[in-house]
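Notes follow once the structure below has been shown.
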Number of protein chains: 2
Amino acid sequence: MKQEPESDKRLPSRRIADDLRASIERGDLASGAKLPSERDLAAQYGTARNTAREAISILQGEGLVVAQHGRGVFVRPQQPLMRLGSNRYSRRLRGETGLSPFRIEVTKQGRTPKTECRSVTKEQAPEDVAERLGLDSGNATVVRRENWYFADDEPVQVGVTYIPVEVAGDSPLASAKTLGKGSIYARFEELGYPIARIREEISARMPNPDEMAGLGMPPGVPVIEVLHTGFDEQRRPFEVTRFVMRGDLNGLDYDMPVED
Amino acid sequence: MKQEPESDKRLPSRRIADDLRASIERGDLASGAKLPSERDLAAQYGTARNTAREAISILQGEGLVVAQHGRGVFVRPQQPLMRLGSNRYSRRLRGETGLSPFRIEVTKQGRTPKTECRSVTKEQAPEDVAERLGLDSGNATVVRRENWYFADDEPVQVGVTYIPVEVAGDSPLASAKTLGKGSIYARFEELGYPIARIREEISARMPNPDEMAGLGMPPGVPVIEVLHTGFDEQRRPFEVTRFVMRGDLNGLDYDMPVED
DNA sequence: TCCTTCAACTGGCTTGAGCCAGCTGACTGG
DNA sequence: CCAGTCAGCTGGCTCAAGCCAGTTGAAGGA
């Protein structure tokens with residue numbers, strides 16, 4: 001089979017993983033292709049099944065393959081990223097298309113967008129959010145709006161928006177799940193908070209089990225977390241949103257002037 | 001020990017992982033604390049050592065713990081992120097401090113910054129880079145500068161900059177490893193390319209084995225990849241840099257006007 | 001023709017055993 | 001007092017075996 005000429009110092013599991021990885025990178029195993037079964041691999045390399053299994057779990061950790069119970073292990077097809085642009089807050093875009101940038105981006109990929117507001121509640125803001133809203137972290141009541149974003153009924157990101165109660169008042173923002181034409185930033189504008197600046201703090205990490213389940217994520221895929229703050233023309237923060245998105249389906253795209 | 005009242009439907013490995021995760025989140029196991037040894041866990045839960053091992057590998061995949069051969073498994077201490085701001089291209093900052101934003105950020109954390117230009121070569125640009133530079137992807141000779149960034153001698157990110165040969169000419173950019181006061185963007189400015197706009201395309205993924213080794217990354221930590229394009233005042237792209245940074249040590253921070 | 005059944009595949013998870021290699025601290029001999 | 005040794009800890013990796021649970025397609029009965 002694939003025996004190397006002489007003693008190969010690498011550990012068996014690494015060797016199997018390296019060989020498979022090379023096959024994938026070379027294109028021998030195309031995107032979506034099925035890997036040999038664990039039992040076949042073990043036989044090919046003359047190892048125990050657990051060793052072949054270990055090799056596959058290495059590749060899983062690298063995000064290269066996905067296993068499907070009862071079917072096999074497949075090269076993870078990498079779908080094009082949804083590029084969320086910095087223009088997604090643009091008033092012009094909002095007016096021209098009437099569609100949210102998320103919907104535009106998903107449609108562009110030939111998939112069907114869906115958004116769902118799962119809850120609107122009032123509660124105490126988390127510390128980092130209160131800080132960014134300029135509120136006392138001990139006493140910061142906010143409206144919390146939880147939004148889920150789907151492409152072809154597959155969840156791809158979650159956004160939780162926090163709005164100080166003083167800002168939301170008794171407007172639709174404080175209670176309505178659907179916000180009507182122009183969506184949330186149009187409502188903010190009506191309340192006297194046109195969005196003029198944004199700050200976005202970005203990090204990447206592995207999902208926790210809840211996120212993994214909620215977003216239906218395979219192992220070996222990180223999430224991108226964006227802590228977004230919206231400012232009005234006086235640079236007053238009026239809204240913070242924490243986005244958590246699947247790293248294999250989403251990306252960010254900022255285009256901006258160098259200030260100063 | 002930690003036996004639940006009656007039959008627990010969860011699998012043993014999941015149960016151990018869940019318990020440990022809960023301990024960590026509760027703070028029972030503080031940052032940096034040592035977990036029970038694999039053999040102890042197995043004994044506590046009445047399972048085989050391999051099962052305890054599996055539980056730990058789950059937590060490793062989530063980035064919660066790091067194992068150290070011969071010493072034990074420890075709760076991964078999460079260090080503060082280096083926040084690379086959108087102001088890092090600001091001419092004023094460049095002038096005022098004379099320090100690069102990376103050095104400022106690292107110093108702010110009480111660590112010692114170091115940067116190292118590992119190579120300066122001429123080669124064909126990768127396709128995505130050529131595209132962003134507005135060059136024919138078949139015939140796009142560029143200067144390639146590979147920079148490594150360290151904090152306390154620990155590598156935290158890599159940046160590979162591509163400059164069209166027509167832009168670099170025979171300036172220091174084309175060959176010198178050290179670029180002198182004001183660094184790279186000061187040199188671009190001298191060549192008639194003051195940086196006026198940037199575009200940054202951000203994604204997150206698991207590191208490949210090379211990156212893992214090069215950056216000394218533990219398992220369960222993603223990388224952030226930033227494809228950065230610099231534009232002059234006529235919106236002509238003159239430079240593309242691909243940053244790959246450890247996701248557990250770096251973050252991004254964009255503060256910008258909503259255009260339009 | 002259509003549906004059911006079922007055998008033969010797939011991965012998921014566990015067991016219990018063994019050997020190796022890195023680390024640490026205590027003990028020992030100079 | 002110091003340096004070296006070594007026992008006993010740690011995780012790293014593998015083996016061989018077994019049972020479970022999804023999936024698939026072919027064989028067979030209504």
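Every chain in the structure tokens takes a letter, A first, then B, and so on in the order presented; its residues are numbered from 1, and the ligands are numbered from 1 following the presented order.
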Looking only at the backbone, which of the residues in segment 48-97 of chain A does DSSP tag as strand (DSSP E), as a PyMOL selection string? chain A and resi 65-68+72-75+82-85
Produce a file of the selected residues containing C-alpha atoms, as a PDB file, in the first residue's frame.
ATOM      1  CA  VAL A  65     -12.872  17.052   6.956  1.00  0.00           C
ATOM      2  CA  VAL A  66     -16.292  16.374   8.393  1.00  0.00           C
ATOM      3  CA  ALA A  67     -17.514  12.990   9.555  1.00  0.00           C
ATOM      4  CA  GLN A  68     -21.072  11.847   8.982  1.00  0.00           C
ATOM      5  CA  GLY A  72     -18.288   8.319   5.985  1.00  0.00           C
ATOM      6  CA  VAL A  73     -15.757  11.095   6.326  1.00  0.00           C
ATOM      7  CA  PHE A  74     -15.712  13.780   3.656  1.00  0.00           C
ATOM      8  CA  VAL A  75     -13.451  16.598   2.595  1.00  0.00           C
ATOM      9  CA  MET A  82     -20.468  35.917   3.139  1.00  0.00           C
ATOM     10  CA  ARG A  83     -18.596  39.171   3.200  1.00  0.00           C
ATOM     11  CA  LEU A  84     -20.157  41.608   5.567  1.00  0.00           C
ATOM     12  CA  GLY A  85     -19.005  44.978   4.390  1.00  0.00           C
TER      13      GLY A  85
END
Hey, what's within 8 Å of Val165 of chain B if we count only C-alpha atoms (C1' of nucleotides) and toss same-chain stuff fewer than 4 positions away? As a list of chain:residue names, please? B:Thr141, B:Val142, B:Val143, B:Gly169, B:Ala174
Give me the residues near DC3 of chain C as a PyMOL selection string, where near means some atom within 12 Å (using only C-alpha atoms (C1' of nucleotides)) and where sequence neighbours in that chain fewer than 5 positions away do not count. chain D and resi 28-30
Could you save those same residues with N, CA and C atoms (P, O5', C5', C4', C3', O3' and C1' of nucleotides) as a short mmCIF file (atom, residue, chain, number, x, y, z; two decimals), in the first residue's frame?
data_model
loop_
_atom_site.label_atom_id
_atom_site.label_comp_id
_atom_site.auth_asym_id
_atom_site.auth_seq_id
_atom_site.Cartn_x
_atom_site.Cartn_y
_atom_site.Cartn_z
P DG D 28 -33.92 -13.01 -2.49
"O5'" DG D 28 -35.36 -12.70 -1.90
"C5'" DG D 28 -35.53 -12.58 -0.49
"C4'" DG D 28 -36.87 -11.95 -0.21
"C3'" DG D 28 -38.05 -12.66 -0.89
"O3'" DG D 28 -38.90 -13.20 0.11
"C1'" DG D 28 -38.18 -10.28 -1.12
P DG D 29 -40.16 -14.12 -0.34
"O5'" DG D 29 -41.40 -13.22 0.10
"C5'" DG D 29 -41.45 -12.67 1.43
"C4'" DG D 29 -42.53 -11.61 1.51
"C3'" DG D 29 -43.90 -12.09 1.01
"O3'" DG D 29 -44.91 -11.61 1.89
"C1'" DG D 29 -43.21 -10.19 -0.22
P DA D 30 -46.42 -12.21 1.79
"O5'" DA D 30 -47.27 -10.97 1.30
"C5'" DA D 30 -47.36 -9.81 2.15
"C4'" DA D 30 -47.91 -8.64 1.34
"C3'" DA D 30 -49.29 -8.91 0.71
"O3'" DA D 30 -50.16 -7.82 1.02
"C1'" DA D 30 -47.78 -8.10 -0.91
#
Within 10 Å of chain A: residues of chain D, using only C-alpha atoms (C1' of nucleotides), as number ranges by chain: D: 13-16, 21-24
I'd like a table as a Markdown table: residues in chain C with an atom no more than 8 Å from chain A, each row giving the shortest atom pair and its distance in Å to one decimal, only C-alpha atoms (C1' of nucleotides) counted, sorted by chain and rising residue number.
| residue | atom | partner | partner_atom | distance |
| --- | --- | --- | --- | --- |
| C:DT10 | C1' | A:Gly70 | CA | 3.8 |
| C:DG11 | C1' | A:His69 | CA | 4.7 |
| C:DG12 | C1' | A:His69 | CA | 7.6 |
Kindly export the residues of the current selection with N, CA and C atoms (P, O5', C5', C4', C3', O3' and C1' of nucleotides), as an mmCIF file, in the first residue's frame.
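The resulting file, out_10.cif, is reproduced below:
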data_model
loop_
_atom_site.group_PDB
_atom_site.id
_atom_site.type_symbol
_atom_site.label_atom_id
_atom_site.label_comp_id
_atom_site.auth_asym_id
_atom_site.auth_seq_id
_atom_site.Cartn_x
_atom_site.Cartn_y
_atom_site.Cartn_z
ATOM 1 P P DT C 10 -16.988 0.424 5.250
ATOM 2 O "O5'" DT C 10 -17.645 1.639 6.038
ATOM 3 C "C5'" DT C 10 -18.019 2.801 5.314
ATOM 4 C "C4'" DT C 10 -18.810 3.727 6.208
ATOM 5 C "C3'" DT C 10 -18.126 4.147 7.491
ATOM 6 O "O3'" DT C 10 -17.255 5.225 7.246
ATOM 7 C "C1'" DT C 10 -20.366 3.552 7.937
ATOM 8 P P DG C 11 -15.996 5.421 8.223
ATOM 9 O "O5'" DG C 11 -16.709 6.128 9.447
ATOM 10 C "C5'" DG C 11 -17.248 7.425 9.289
ATOM 11 C "C4'" DG C 11 -18.156 7.763 10.473
ATOM 12 C "C3'" DG C 11 -17.424 8.213 11.729
ATOM 13 O "O3'" DG C 11 -18.221 9.184 12.406
ATOM 14 C "C1'" DG C 11 -18.661 6.287 12.204
ATOM 15 P P DG C 12 -17.764 9.736 13.826
ATOM 16 O "O5'" DG C 12 -18.537 8.749 14.824
ATOM 17 C "C5'" DG C 12 -19.891 9.023 15.186
ATOM 18 C "C4'" DG C 12 -20.115 8.633 16.637
ATOM 19 C "C3'" DG C 12 -19.047 9.165 17.597
ATOM 20 O "O3'" DG C 12 -19.707 9.570 18.790
ATOM 21 C "C1'" DG C 12 -19.113 6.816 17.734
#
Any chance you could tabulate, as JSON lines, the residues of chain A at most 9 Å from chain B with each one's nearest atom pair and distance in Å to one decimal, using only C-alpha atoms, in chain and rising number order?
{"residue": "A:Gly61", "atom": "CA", "partner": "B:Gly61", "partner_atom": "CA", "distance": 7.1}
{"residue": "A:Glu62", "atom": "CA", "partner": "B:Met206", "partner_atom": "CA", "distance": 5.5}
{"residue": "A:Gly63", "atom": "CA", "partner": "B:Met206", "partner_atom": "CA", "distance": 6.4}
{"residue": "A:Leu81", "atom": "CA", "partner": "B:Ser203", "partner_atom": "CA", "distance": 8.6}
{"residue": "A:Arg83", "atom": "CA", "partner": "B:Glu201", "partner_atom": "CA", "distance": 8.2}
{"residue": "A:Gly85", "atom": "CA", "partner": "B:Glu201", "partner_atom": "CA", "distance": 8.9}
{"residue": "A:Ser86", "atom": "CA", "partner": "B:Val258", "partner_atom": "CA", "distance": 7.8}
{"residue": "A:Asn87", "atom": "CA", "partner": "B:Glu259", "partner_atom": "CA", "distance": 7.1}
{"residue": "A:Arg88", "atom": "CA", "partner": "B:Val258", "partner_atom": "CA", "distance": 8.8}
{"residue": "A:Tyr89", "atom": "CA", "partner": "B:Val258", "partner_atom": "CA", "distance": 6.5}
{"residue": "A:Ser90", "atom": "CA", "partner": "B:Asp260", "partner_atom": "CA", "distance": 6.0}
{"residue": "A:Arg91", "atom": "CA", "partner": "B:Asp260", "partner_atom": "CA", "distance": 6.7}
{"residue": "A:Arg92", "atom": "CA", "partner": "B:Asp260", "partner_atom": "CA", "distance": 6.4}
{"residue": "A:Leu93", "atom": "CA", "partner": "B:Asp260", "partner_atom": "CA", "distance": 8.7}
{"residue": "A:Ile195", "atom": "CA", "partner": "B:Val258", "partner_atom": "CA", "distance": 7.1}
{"residue": "A:Ala196", "atom": "CA", "partner": "B:Val258", "partner_atom": "CA", "distance": 5.2}
{"residue": "A:Arg197", "atom": "CA", "partner": "B:Pro257", "partner_atom": "CA", "distance": 4.2}
{"residue": "A:Ile198", "atom": "CA", "partner": "B:Met256", "partner_atom": "CA", "distance": 5.6}
{"residue": "A:Arg199", "atom": "CA", "partner": "B:Asp255", "partner_atom": "CA", "distance": 4.2}
{"residue": "A:Glu200", "atom": "CA", "partner": "B:Tyr254", "partner_atom": "CA", "distance": 5.1}
{"residue": "A:Glu201", "atom": "CA", "partner": "B:Asp253", "partner_atom": "CA", "distance": 4.4}
{"residue": "A:Ile202", "atom": "CA", "partner": "B:Leu252", "partner_atom": "CA", "distance": 4.9}
{"residue": "A:Ser203", "atom": "CA", "partner": "B:Gly251", "partner_atom": "CA", "distance": 4.8}
{"residue": "A:Ala204", "atom": "CA", "partner": "B:Gly247", "partner_atom": "CA", "distance": 5.5}
{"residue": "A:Arg205", "atom": "CA", "partner": "B:Pro222", "partner_atom": "CA", "distance": 6.1}
{"residue": "A:Met206", "atom": "CA", "partner": "B:Glu62", "partner_atom": "CA", "distance": 5.5}
{"residue": "A:Pro207", "atom": "CA", "partner": "B:Glu62", "partner_atom": "CA", "distance": 6.8}
{"residue": "A:Asn208", "atom": "CA", "partner": "B:Glu62", "partner_atom": "CA", "distance": 6.7}
{"residue": "A:Pro209", "atom": "CA", "partner": "B:Glu62", "partner_atom": "CA", "distance": 8.4}
{"residue": "A:Pro219", "atom": "CA", "partner": "B:Gly61", "partner_atom": "CA", "distance": 8.2}
{"residue": "A:Gly220", "atom": "CA", "partner": "B:Met206", "partner_atom": "CA", "distance": 6.8}
{"residue": "A:Val221", "atom": "CA", "partner": "B:Arg205", "partner_atom": "CA", "distance": 6.5}
{"residue": "A:Pro222", "atom": "CA", "partner": "B:Arg205", "partner_atom": "CA", "distance": 6.1}
{"residue": "A:Val223", "atom": "CA", "partner": "B:Ala204", "partner_atom": "CA", "distance": 7.3}
{"residue": "A:Ile224", "atom": "CA", "partner": "B:Ala204", "partner_atom": "CA", "distance": 6.6}
{"residue": "A:Gly247", "atom": "CA", "partner": "B:Ala204", "partner_atom": "CA", "distance": 5.4}
{"residue": "A:Asp248", "atom": "CA", "partner": "B:Arg205", "partner_atom": "CA", "distance": 7.1}
{"residue": "A:Asn250", "atom": "CA", "partner": "B:Ser203", "partner_atom": "CA", "distance": 7.3}
{"residue": "A:Gly251", "atom": "CA", "partner": "B:Ser203", "partner_atom": "CA", "distance": 4.9}
{"residue": "A:Leu252", "atom": "CA", "partner": "B:Ile202", "partner_atom": "CA", "distance": 4.9}
{"residue": "A:Asp253", "atom": "CA", "partner": "B:Glu201", "partner_atom": "CA", "distance": 4.4}
{"residue": "A:Tyr254", "atom": "CA", "partner": "B:Glu200", "partner_atom": "CA", "distance": 5.1}
{"residue": "A:Asp255", "atom": "CA", "partner": "B:Arg199", "partner_atom": "CA", "distance": 4.2}
{"residue": "A:Met256", "atom": "CA", "partner": "B:Ile198", "partner_atom": "CA", "distance": 5.6}
{"residue": "A:Pro257", "atom": "CA", "partner": "B:Arg197", "partner_atom": "CA", "distance": 4.2}
{"residue": "A:Val258", "atom": "CA", "partner": "B:Arg197", "partner_atom": "CA", "distance": 5.1}
{"residue": "A:Glu259", "atom": "CA", "partner": "B:Ser90", "partner_atom": "CA", "distance": 6.2}
{"residue": "A:Asp260", "atom": "CA", "partner": "B:Ser90", "partner_atom": "CA", "distance": 5.9}
Just the number, please: distance in Å from atom CA of Val240 of chain B to atom CA of Leu215 of chain B, one decimal.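 So the answer is 21.4 Å.
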Rounded to one decimal place, report the atom CA of Glu131 of chain A-atom CA of Glu166 of chain A distance in Å.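 Separation of atom CA of Glu131 of chain A and atom CA of Glu166 of chain A: 15.9 Å.
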Can you list, as a ChimeraX atom specification, every residue of segment 137-228 of chain A that DSSP puts in alpha helix (DSSP H)? /A:165-168,183-190,209-214
Take the residues just selected and output them with N, CA and C atoms as a short mmCIF file (atom, residue, chain, number, x, y, z; two decimals), in the first residue's frame.
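Below you can see selection-v8.cif, which holds the result:
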data_model
loop_
_atom_site.label_atom_id
_atom_site.label_comp_id
_atom_site.auth_asym_id
_atom_site.auth_seq_id
_atom_site.Cartn_x
_atom_site.Cartn_y
_atom_site.Cartn_z
N VAL A 165 -32.62 51.70 27.69
CA VAL A 165 -34.06 51.93 27.72
C VAL A 165 -34.40 53.39 27.45
N GLU A 166 -33.52 54.29 27.82
CA GLU A 166 -33.78 55.71 27.58
C GLU A 166 -33.81 55.99 26.08
N VAL A 167 -33.05 55.25 25.32
CA VAL A 167 -33.02 55.45 23.88
C VAL A 167 -34.26 54.81 23.23
N ALA A 168 -34.53 53.58 23.61
CA ALA A 168 -35.62 52.85 22.96
C ALA A 168 -36.99 53.42 23.33
N SER A 183 -35.65 48.66 8.62
CA SER A 183 -35.20 47.92 9.80
C SER A 183 -34.65 48.80 10.92
N ILE A 184 -33.77 48.26 11.68
CA ILE A 184 -33.41 48.85 12.97
C ILE A 184 -32.80 50.25 12.86
N TYR A 185 -31.92 50.46 11.87
CA TYR A 185 -31.25 51.76 11.83
C TYR A 185 -32.17 52.87 11.34
N ALA A 186 -33.19 52.50 10.59
CA ALA A 186 -34.20 53.49 10.22
C ALA A 186 -34.98 53.92 11.47
N ARG A 187 -35.26 52.96 12.34
CA ARG A 187 -35.99 53.29 13.57
C ARG A 187 -35.14 54.17 14.48
N PHE A 188 -33.85 53.84 14.56
CA PHE A 188 -32.96 54.67 15.37
C PHE A 188 -32.96 56.09 14.84
N GLU A 189 -32.94 56.20 13.53
CA GLU A 189 -32.90 57.52 12.91
C GLU A 189 -34.14 58.32 13.30
N GLU A 190 -35.30 57.66 13.26
CA GLU A 190 -36.55 58.34 13.63
C GLU A 190 -36.53 58.83 15.07
N PRO A 209 -20.20 24.82 23.50
CA PRO A 209 -21.15 23.78 23.06
C PRO A 209 -22.51 24.35 22.65
N ASP A 210 -22.98 25.38 23.35
CA ASP A 210 -24.26 25.99 22.98
C ASP A 210 -24.21 26.57 21.57
N GLU A 211 -23.16 27.32 21.31
CA GLU A 211 -23.04 27.93 20.00
C GLU A 211 -22.90 26.87 18.92
N MET A 212 -22.14 25.84 19.25
CA MET A 212 -21.94 24.77 18.28
C MET A 212 -23.28 24.13 17.91
N ALA A 213 -24.08 23.89 18.93
CA ALA A 213 -25.39 23.28 18.68
C ALA A 213 -26.30 24.28 17.97
N GLY A 214 -26.36 25.50 18.48
CA GLY A 214 -27.28 26.51 17.94
C GLY A 214 -27.01 26.81 16.48
#
Interatomic distance, atom CA of Ile24 of chain B to atom CA of Asp40 of chain B (Å, one decimal):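 Computing the Euclidean distance for atom CA of Ile24 of chain B and atom CA of Asp40 of chain B yields 17.5 Å.
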So which residues touch DT5 of chain D within 12 Å, counting only C-alpha atoms (C1' of nucleotides), skipping near sequence neighbours fewer than 5 positions away, as JSON, numbers by chain? {"C": [25, 26, 27, 28, 29]}
